[in-house]
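Dumped query_36.pdb below, it's PDB, C-alpha atoms:
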ATOM      1  CA  LEU E   1     -42.960 -24.156-160.313
ATOM      2  CA  ILE E   2     -39.616 -24.302-158.519
ATOM      3  CA  ILE E   3     -39.144 -27.054-155.937
ATOM      4  CA  ASP E   4     -35.931 -26.295-154.045
ATOM      5  CA  ASP E   5     -35.010 -26.087-150.365
ATOM      6  CA  ASP E   6     -32.249 -23.525-151.046
ATOM      7  CA  LEU E   7     -33.926 -20.191-150.309
ATOM      8  CA  ALA E   8     -31.099 -18.128-151.812
ATOM      9  CA  ASN E   9     -31.326 -20.087-155.052
ATOM     10  CA  CYS E  10     -35.105 -19.585-155.067
ATOM     11  CA  ARG E  11     -34.721 -15.815-154.648
ATOM     12  CA  THR E  12     -32.202 -15.652-157.488
ATOM     13  CA  LEU E  13     -34.427 -17.706-159.782
ATOM     14  CA  ASP E  14     -37.473 -15.637-158.788
ATOM     15  CA  VAL E  15     -35.822 -12.350-159.781
ATOM     16  CA  HIS E  16     -34.452 -13.750-163.029
ATOM     17  CA  LEU E  17     -37.571 -15.596-164.152
ATOM     18  CA  ARG E  18     -39.981 -12.785-163.277
ATOM     19  CA  ALA E  19     -37.776 -10.400-165.278
ATOM     20  CA  GLY E  20     -38.326 -12.783-168.190
ATOM     21  CA  LYS E  21     -42.105 -12.474-167.677
ATOM     22  CA  HIS E  22     -42.538 -15.963-166.214
ATOM     23  CA  HIS E  23     -45.039 -16.609-163.414
ATOM     24  CA  VAL E  24     -43.133 -18.228-160.554
ATOM     25  CA  HIS E  25     -44.327 -20.344-157.639
ATOM     26  CA  PHE E  26     -42.169 -22.071-155.024
ATOM     27  CA  ALA E  27     -42.184 -25.111-152.802
ATOM     28  CA  HIS E  28     -39.359 -26.129-150.505
ATOM     29  CA  THR E  29     -39.957 -29.877-150.212
ATOM     30  CA  PHE E  30     -40.952 -32.450-152.799
ATOM     31  CA  GLU E  31     -44.302 -33.100-151.095
ATOM     32  CA  GLU E  32     -45.154 -29.376-151.018
ATOM     33  CA  GLY E  33     -44.120 -29.169-154.654
ATOM     34  CA  PHE E  34     -46.246 -32.118-155.688
ATOM     35  CA  ALA E  35     -49.280 -30.573-153.973
ATOM     36  CA  ALA E  36     -48.541 -27.211-155.620
ATOM     37  CA  ALA E  37     -48.280 -28.903-159.028
ATOM     38  CA  GLN E  38     -51.684 -30.524-158.484
ATOM     39  CA  ALA E  39     -53.196 -27.159-157.536
ATOM     40  CA  ARG E  40     -51.497 -25.018-160.182
ATOM     41  CA  MET E  41     -50.804 -27.340-163.127
ATOM     42  CA  PRO E  42     -47.507 -25.575-163.979
ATOM     43  CA  ASP E  43     -46.103 -25.300-167.492
ATOM     44  CA  LEU E  44     -42.682 -26.405-166.218
ATOM     45  CA  VAL E  45     -41.058 -27.631-163.005
ATOM     46  CA  ILE E  46     -37.519 -26.862-161.851
ATOM     47  CA  LEU E  47     -36.724 -29.629-159.365
ATOM     48  CA  ASP E  48     -33.767 -29.753-156.990
ATOM     49  CA  HIS E  49     -32.005 -33.084-156.697
ATOM     50  CA  ARG E  50     -31.335 -33.168-152.943
ATOM     51  CA  MET E  51     -33.851 -31.937-150.392
ATOM     52  CA  PRO E  52     -34.982 -33.080-146.945
ATOM     53  CA  GLY E  53     -37.528 -35.887-147.043
ATOM     54  CA  THR E  54     -38.224 -37.145-150.540
ATOM     55  CA  SER E  55     -35.402 -36.043-152.820
ATOM     56  CA  GLY E  56     -36.119 -34.621-156.234
ATOM     57  CA  LEU E  57     -34.462 -37.629-157.817
ATOM     58  CA  GLU E  58     -36.699 -39.995-155.819
ATOM     59  CA  GLY E  59     -39.839 -37.981-156.572
ATOM     60  CA  LEU E  60     -39.179 -37.372-160.268
ATOM     61  CA  PRO E  61     -40.899 -40.571-161.514
ATOM     62  CA  ARG E  62     -44.004 -39.747-159.460
ATOM     63  CA  LEU E  63     -44.076 -36.208-160.836
ATOM     64  CA  ARG E  64     -43.684 -37.449-164.418
ATOM     65  CA  ARG E  65     -46.482 -40.029-164.009
ATOM     66  CA  ALA E  66     -48.876 -37.430-162.593
ATOM     67  CA  PHE E  67     -47.945 -34.692-165.087
ATOM     68  CA  PRO E  68     -46.650 -36.401-168.234
ATOM     69  CA  GLY E  69     -46.908 -33.267-170.387
ATOM     70  CA  THR E  70     -45.063 -31.022-167.940
ATOM     71  CA  PRO E  71     -41.321 -30.781-168.534
ATOM     72  CA  VAL E  72     -39.041 -31.090-165.505
ATOM     73  CA  ILE E  73     -35.596 -29.549-165.332
ATOM     74  CA  MET E  74     -33.518 -31.174-162.593
ATOM     75  CA  ILE E  75     -30.923 -28.984-160.867
ATOM     76  CA  THR E  76     -28.148 -30.432-158.751
ATOM     77  CA  ALA E  77     -24.973 -29.523-156.937
ATOM     78  CA  TYR E  78     -23.985 -33.194-157.416
ATOM     79  CA  HIS E  79     -23.666 -33.240-161.196
ATOM     80  CA  ASP E  80     -22.092 -36.661-161.605
ATOM     81  CA  ARG E  81     -22.735 -39.073-164.468
ATOM     82  CA  GLU E  82     -24.949 -41.410-162.419
ATOM     83  CA  THR E  83     -27.222 -38.582-161.229
ATOM     84  CA  VAL E  84     -27.560 -37.102-164.717
ATOM     85  CA  GLN E  85     -28.260 -40.476-166.332
ATOM     86  CA  ARG E  86     -30.868 -41.382-163.726
ATOM     87  CA  ALA E  87     -32.606 -37.996-163.996
ATOM     88  CA  LEU E  88     -32.780 -38.223-167.781
ATOM     89  CA  ARG E  89     -33.867 -41.878-167.677
ATOM     90  CA  ASP E  90     -36.633 -41.006-165.222
ATOM     91  CA  GLY E  91     -37.983 -38.256-167.453
ATOM     92  CA  ALA E  92     -36.158 -35.004-166.767
ATOM     93  CA  ALA E  93     -35.929 -32.809-169.852
ATOM     94  CA  GLU E  94     -32.552 -31.566-168.652
ATOM     95  CA  CYS E  95     -30.190 -31.902-165.700
ATOM     96  CA  LEU E  96     -28.276 -28.714-164.884
ATOM     97  CA  ALA E  97     -25.391 -28.212-162.469
ATOM     98  CA  LYS E  98     -25.475 -25.749-159.593
ATOM     99  CA  PRO E  99     -24.450 -23.030-159.440
ATOM    100  CA  LEU E 100     -26.719 -22.458-162.397
ATOM    101  CA  ASP E 101     -25.439 -20.800-165.539
ATOM    102  CA  ILE E 102     -28.275 -18.377-166.330
ATOM    103  CA  ASN E 103     -27.739 -18.622-170.098
ATOM    104  CA  GLU E 104     -27.866 -22.426-169.924
ATOM    105  CA  LEU E 105     -30.995 -22.252-167.766
ATOM    106  CA  ASP E 106     -32.687 -19.850-170.191
ATOM    107  CA  ALA E 107     -31.886 -22.115-173.148
ATOM    108  CA  SER E 108     -33.207 -25.156-171.277
ATOM    109  CA  LEU E 109     -36.392 -23.340-170.259
ATOM    110  CA  ALA E 110     -37.035 -22.124-173.789
ATOM    111  CA  SER E 111     -36.460 -25.564-175.274
ATOM    112  CA  ALA E 112     -38.616 -27.355-172.700
ATOM    113  CA  LEU E 113     -41.475 -24.866-173.035
ATOM    114  CA  VAL E 114     -41.431 -25.062-176.832
ATOM    115  CA  GLN E 115     -41.480 -28.870-176.693
ATOM    116  CA  ALA E 116     -44.362 -28.730-174.205
ATOM    117  CA  GLY E 117     -46.235 -26.237-176.406
ATOM    118  CA  SER E 118     -46.289 -23.388-173.886
ATOM    119  CA  ALA E 119     -44.927 -19.861-173.943
ATOM    120  CA  THR E 120     -44.916 -19.091-170.169
TER     121      THR E 120
END
In structure tokens, how does this file's structure come out?
Amino acid sequence: LIIDDDLANCRTLDVHLRAGKHHVHFAHTFEEGFAAAQARMPDLVILDHRMPGTSGLEGLPRLRRAFPGTPVIMITAYHDRETVQRALRDGAAECLAKPLDINELDASLASALVQAGSAT
């Protein structure tokens, strides 16, 4: 599940992840994403830091409480120390800077899915 308000980023991730045989679903606000997670029970969530309404950083603790076994990879264009530390403290498996490095994303996905015990 990808929760990101940046449609271009979503399209890029969709093409890349589907090519890697991942099933991809999108939401463009945190609230839509939370509802989608409840409906779909995703293996992994890619969560954008800043979005309209509830930000990913604000919603992360709620997501982790509701889905403790689901890894969350935070993505942010504001990759400062405070943001990274807060994301990791609040349960993100990883915090990656935008624009995303596809190799770094792939490594993070693989690691998070192995730790969660899932292959897709």
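For the residues E:Ala66, E:Ala37, E:Leu13, E:Val24, ranking by smallest atom-to-atom distance to Asp101 (chain E) using all atoms listed in the file places E:Leu13 first.
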Practice prompt. Go through E:Leu96, E:Asn9, E:Asp4, E:Met74 and flag the residue nearest Gly53 (chain E), using only C-alpha atoms for the distances.
Written response: E:Asp4
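Proximity ranking of E:Leu1, E:Glu82, E:Ala112, E:His28 relative to Glu94 (chain E) places E:Ala112 first, based on only C-alpha atoms.
The two atoms in question, CA of Lys98 (chain E) and CA of Ile75 (chain E), are spaced 6.5 Å apart.
Interatomic distance, CA of Ala8 (chain E) against CA of Leu105 (chain E): 16.5 Å.
Of the residues listed (E:Thr12, E:Thr76, E:Gln115, E:Thr29), E:Thr76 shows the shortest atom-to-atom separation from Cys95 (chain E); distances use all atoms listed in the file.
The shortest atom-to-atom distance to Ser55 (chain E), with only C-alpha atoms taken into account, belongs to E:Ile3 out of E:Ala93, E:Ile3, E:Ala107, E:Met41.
Each of E:Ala87, E:Ala116, E:Val45, E:Ile73 was compared to Leu57 (chain E) using all atoms listed in the file, and E:Ala87 turns out to be the nearest.
One finds CA of Gly91 (chain E) at 10.1 Å from CA of Thr70 (chain E).
Only residues having an atom at most 10 Å from (-40.0, -39.1, -161.8) are included; using only C-alpha atoms, these are Gly56, Leu57, Glu58, Gly59, Leu60, Pro61, Arg62, Leu63, Arg64, Arg65, Ala66, Phe67, Pro68, Val72, Arg86, Ala87, Leu88, Arg89, Asp90, Gly91 and Ala92 of chain E.
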Can you sort out the box for region 90-97 of chain E, edges along x, y and z, all listed atoms in, 6 Å on every side, with centre and edge lengths in Å to one decimal, as AutoDock Vina command-line options?
--center_x -31.7 --center_y -34.6 --center_z -166.2 --size_x 24.6 --size_y 24.8 --size_z 19.4
Write out all heavy atoms for region 20-31 of chain E, as a PDB file, in the coordinates of the input.
ATOM      1  N   GLY E  20     -38.032 -12.202-166.883  1.00  0.00           N
ATOM      2  CA  GLY E  20     -38.326 -12.783-168.190  1.00  0.00           C
ATOM      3  C   GLY E  20     -39.807 -13.012-168.422  1.00  0.00           C
ATOM      4  O   GLY E  20     -40.203 -13.715-169.348  1.00  0.00           O
ATOM      5  N   LYS E  21     -40.639 -12.421-167.557  1.00  0.00           N
ATOM      6  CA  LYS E  21     -42.105 -12.474-167.677  1.00  0.00           C
ATOM      7  C   LYS E  21     -42.706 -13.846-167.388  1.00  0.00           C
ATOM      8  O   LYS E  21     -43.793 -14.162-167.850  1.00  0.00           O
ATOM      9  CB  LYS E  21     -42.573 -11.973-169.054  1.00  0.00           C
ATOM     10  CG  LYS E  21     -42.052 -10.622-169.438  1.00  0.00           C
ATOM     11  CD  LYS E  21     -42.541  -9.546-168.489  1.00  0.00           C
ATOM     12  CE  LYS E  21     -42.060  -8.176-168.981  1.00  0.00           C
ATOM     13  NZ  LYS E  21     -41.913  -7.223-167.936  1.00  0.00           N
ATOM     14  N   HIS E  22     -42.000 -14.666-166.620  1.00  0.00           N
ATOM     15  CA  HIS E  22     -42.538 -15.963-166.214  1.00  0.00           C
ATOM     16  C   HIS E  22     -43.286 -15.790-164.892  1.00  0.00           C
ATOM     17  O   HIS E  22     -42.913 -14.967-164.058  1.00  0.00           O
ATOM     18  CB  HIS E  22     -41.418 -16.993-166.024  1.00  0.00           C
ATOM     19  CG  HIS E  22     -40.693 -17.323-167.286  1.00  0.00           C
ATOM     20  ND1 HIS E  22     -41.208 -18.158-168.244  1.00  0.00           N
ATOM     21  CD2 HIS E  22     -39.484 -16.924-167.752  1.00  0.00           C
ATOM     22  CE1 HIS E  22     -40.365 -18.260-169.245  1.00  0.00           C
ATOM     23  NE2 HIS E  22     -39.302 -17.524-168.972  1.00  0.00           N
ATOM     24  N   HIS E  23     -44.321 -16.559-164.697  1.00  0.00           N
ATOM     25  CA  HIS E  23     -45.039 -16.609-163.414  1.00  0.00           C
ATOM     26  C   HIS E  23     -44.343 -17.680-162.581  1.00  0.00           C
ATOM     27  O   HIS E  23     -44.179 -18.804-163.046  1.00  0.00           O
ATOM     28  CB  HIS E  23     -46.507 -16.960-163.633  1.00  0.00           C
ATOM     29  CG  HIS E  23     -47.206 -15.995-164.527  1.00  0.00           C
ATOM     30  ND1 HIS E  23     -47.662 -14.769-164.097  1.00  0.00           N
ATOM     31  CD2 HIS E  23     -47.507 -16.064-165.838  1.00  0.00           C
ATOM     32  CE1 HIS E  23     -48.210 -14.131-165.097  1.00  0.00           C
ATOM     33  NE2 HIS E  23     -48.132 -14.892-166.173  1.00  0.00           N
ATOM     34  N   VAL E  24     -43.956 -17.340-161.369  1.00  0.00           N
ATOM     35  CA  VAL E  24     -43.133 -18.228-160.554  1.00  0.00           C
ATOM     36  C   VAL E  24     -43.849 -18.580-159.252  1.00  0.00           C
ATOM     37  O   VAL E  24     -44.400 -17.701-158.578  1.00  0.00           O
ATOM     38  CB  VAL E  24     -41.769 -17.564-160.233  1.00  0.00           C
ATOM     39  CG1 VAL E  24     -40.886 -18.494-159.429  1.00  0.00           C
ATOM     40  CG2 VAL E  24     -41.065 -17.127-161.515  1.00  0.00           C
ATOM     41  N   HIS E  25     -43.820 -19.856-158.919  1.00  0.00           N
ATOM     42  CA  HIS E  25     -44.327 -20.344-157.639  1.00  0.00           C
ATOM     43  C   HIS E  25     -43.249 -21.246-157.044  1.00  0.00           C
ATOM     44  O   HIS E  25     -42.496 -21.884-157.781  1.00  0.00           O
ATOM     45  CB  HIS E  25     -45.627 -21.120-157.822  1.00  0.00           C
ATOM     46  CG  HIS E  25     -46.696 -20.289-158.444  1.00  0.00           C
ATOM     47  ND1 HIS E  25     -47.437 -19.380-157.735  1.00  0.00           N
ATOM     48  CD2 HIS E  25     -47.125 -20.200-159.720  1.00  0.00           C
ATOM     49  CE1 HIS E  25     -48.283 -18.776-158.549  1.00  0.00           C
ATOM     50  NE2 HIS E  25     -48.109 -19.261-159.754  1.00  0.00           N
ATOM     51  N   PHE E  26     -43.205 -21.312-155.709  1.00  0.00           N
ATOM     52  CA  PHE E  26     -42.169 -22.071-155.024  1.00  0.00           C
ATOM     53  C   PHE E  26     -42.740 -23.104-154.079  1.00  0.00           C
ATOM     54  O   PHE E  26     -43.825 -22.931-153.532  1.00  0.00           O
ATOM     55  CB  PHE E  26     -41.286 -21.140-154.166  1.00  0.00           C
ATOM     56  CG  PHE E  26     -40.522 -20.162-154.969  1.00  0.00           C
ATOM     57  CD1 PHE E  26     -41.000 -18.881-155.133  1.00  0.00           C
ATOM     58  CD2 PHE E  26     -39.339 -20.524-155.574  1.00  0.00           C
ATOM     59  CE1 PHE E  26     -40.307 -17.965-155.888  1.00  0.00           C
ATOM     60  CE2 PHE E  26     -38.639 -19.617-156.337  1.00  0.00           C
ATOM     61  CZ  PHE E  26     -39.126 -18.327-156.495  1.00  0.00           C
ATOM     62  N   ALA E  27     -41.972 -24.139-153.866  1.00  0.00           N
ATOM     63  CA  ALA E  27     -42.184 -25.111-152.802  1.00  0.00           C
ATOM     64  C   ALA E  27     -40.796 -25.514-152.332  1.00  0.00           C
ATOM     65  O   ALA E  27     -39.842 -25.512-153.114  1.00  0.00           O
ATOM     66  CB  ALA E  27     -42.962 -26.313-153.313  1.00  0.00           C
ATOM     67  N   HIS E  28     -40.685 -25.865-151.061  1.00  0.00           N
ATOM     68  CA  HIS E  28     -39.359 -26.129-150.505  1.00  0.00           C
ATOM     69  C   HIS E  28     -39.133 -27.579-150.103  1.00  0.00           C
ATOM     70  O   HIS E  28     -38.079 -27.917-149.569  1.00  0.00           O
ATOM     71  CB  HIS E  28     -39.080 -25.163-149.354  1.00  0.00           C
ATOM     72  CG  HIS E  28     -39.184 -23.734-149.801  1.00  0.00           C
ATOM     73  ND1 HIS E  28     -38.331 -23.176-150.734  1.00  0.00           N
ATOM     74  CD2 HIS E  28     -40.071 -22.768-149.491  1.00  0.00           C
ATOM     75  CE1 HIS E  28     -38.681 -21.924-150.961  1.00  0.00           C
ATOM     76  NE2 HIS E  28     -39.739 -21.654-150.222  1.00  0.00           N
ATOM     77  N   THR E  29     -40.125 -28.432-150.357  1.00  0.00           N
ATOM     78  CA  THR E  29     -39.957 -29.877-150.212  1.00  0.00           C
ATOM     79  C   THR E  29     -40.649 -30.527-151.406  1.00  0.00           C
ATOM     80  O   THR E  29     -41.504 -29.903-152.056  1.00  0.00           O
ATOM     81  CB  THR E  29     -40.608 -30.432-148.920  1.00  0.00           C
ATOM     82  OG1 THR E  29     -42.031 -30.314-149.028  1.00  0.00           O
ATOM     83  CG2 THR E  29     -40.091 -29.727-147.677  1.00  0.00           C
ATOM     84  N   PHE E  30     -40.306 -31.774-151.679  1.00  0.00           N
ATOM     85  CA  PHE E  30     -40.952 -32.450-152.799  1.00  0.00           C
ATOM     86  C   PHE E  30     -42.453 -32.556-152.570  1.00  0.00           C
ATOM     87  O   PHE E  30     -43.250 -32.321-153.491  1.00  0.00           O
ATOM     88  CB  PHE E  30     -40.361 -33.843-153.052  1.00  0.00           C
ATOM     89  CG  PHE E  30     -41.078 -34.528-154.183  1.00  0.00           C
ATOM     90  CD1 PHE E  30     -40.776 -34.211-155.490  1.00  0.00           C
ATOM     91  CD2 PHE E  30     -42.108 -35.423-153.929  1.00  0.00           C
ATOM     92  CE1 PHE E  30     -41.476 -34.786-156.542  1.00  0.00           C
ATOM     93  CE2 PHE E  30     -42.810 -36.006-154.967  1.00  0.00           C
ATOM     94  CZ  PHE E  30     -42.492 -35.688-156.278  1.00  0.00           C
ATOM     95  N   GLU E  31     -42.868 -32.920-151.368  1.00  0.00           N
ATOM     96  CA  GLU E  31     -44.302 -33.100-151.095  1.00  0.00           C
ATOM     97  C   GLU E  31     -45.076 -31.800-151.272  1.00  0.00           C
ATOM     98  O   GLU E  31     -46.169 -31.792-151.845  1.00  0.00           O
ATOM     99  CB  GLU E  31     -44.525 -33.707-149.705  1.00  0.00           C
ATOM    100  CG  GLU E  31     -43.992 -35.122-149.557  1.00  0.00           C
ATOM    101  CD  GLU E  31     -44.546 -36.130-150.568  1.00  0.00           C
ATOM    102  OE1 GLU E  31     -45.690 -35.975-151.034  1.00  0.00           O
ATOM    103  OE2 GLU E  31     -43.825 -37.086-150.901  1.00  0.00           O
TER     104      GLU E  31
END
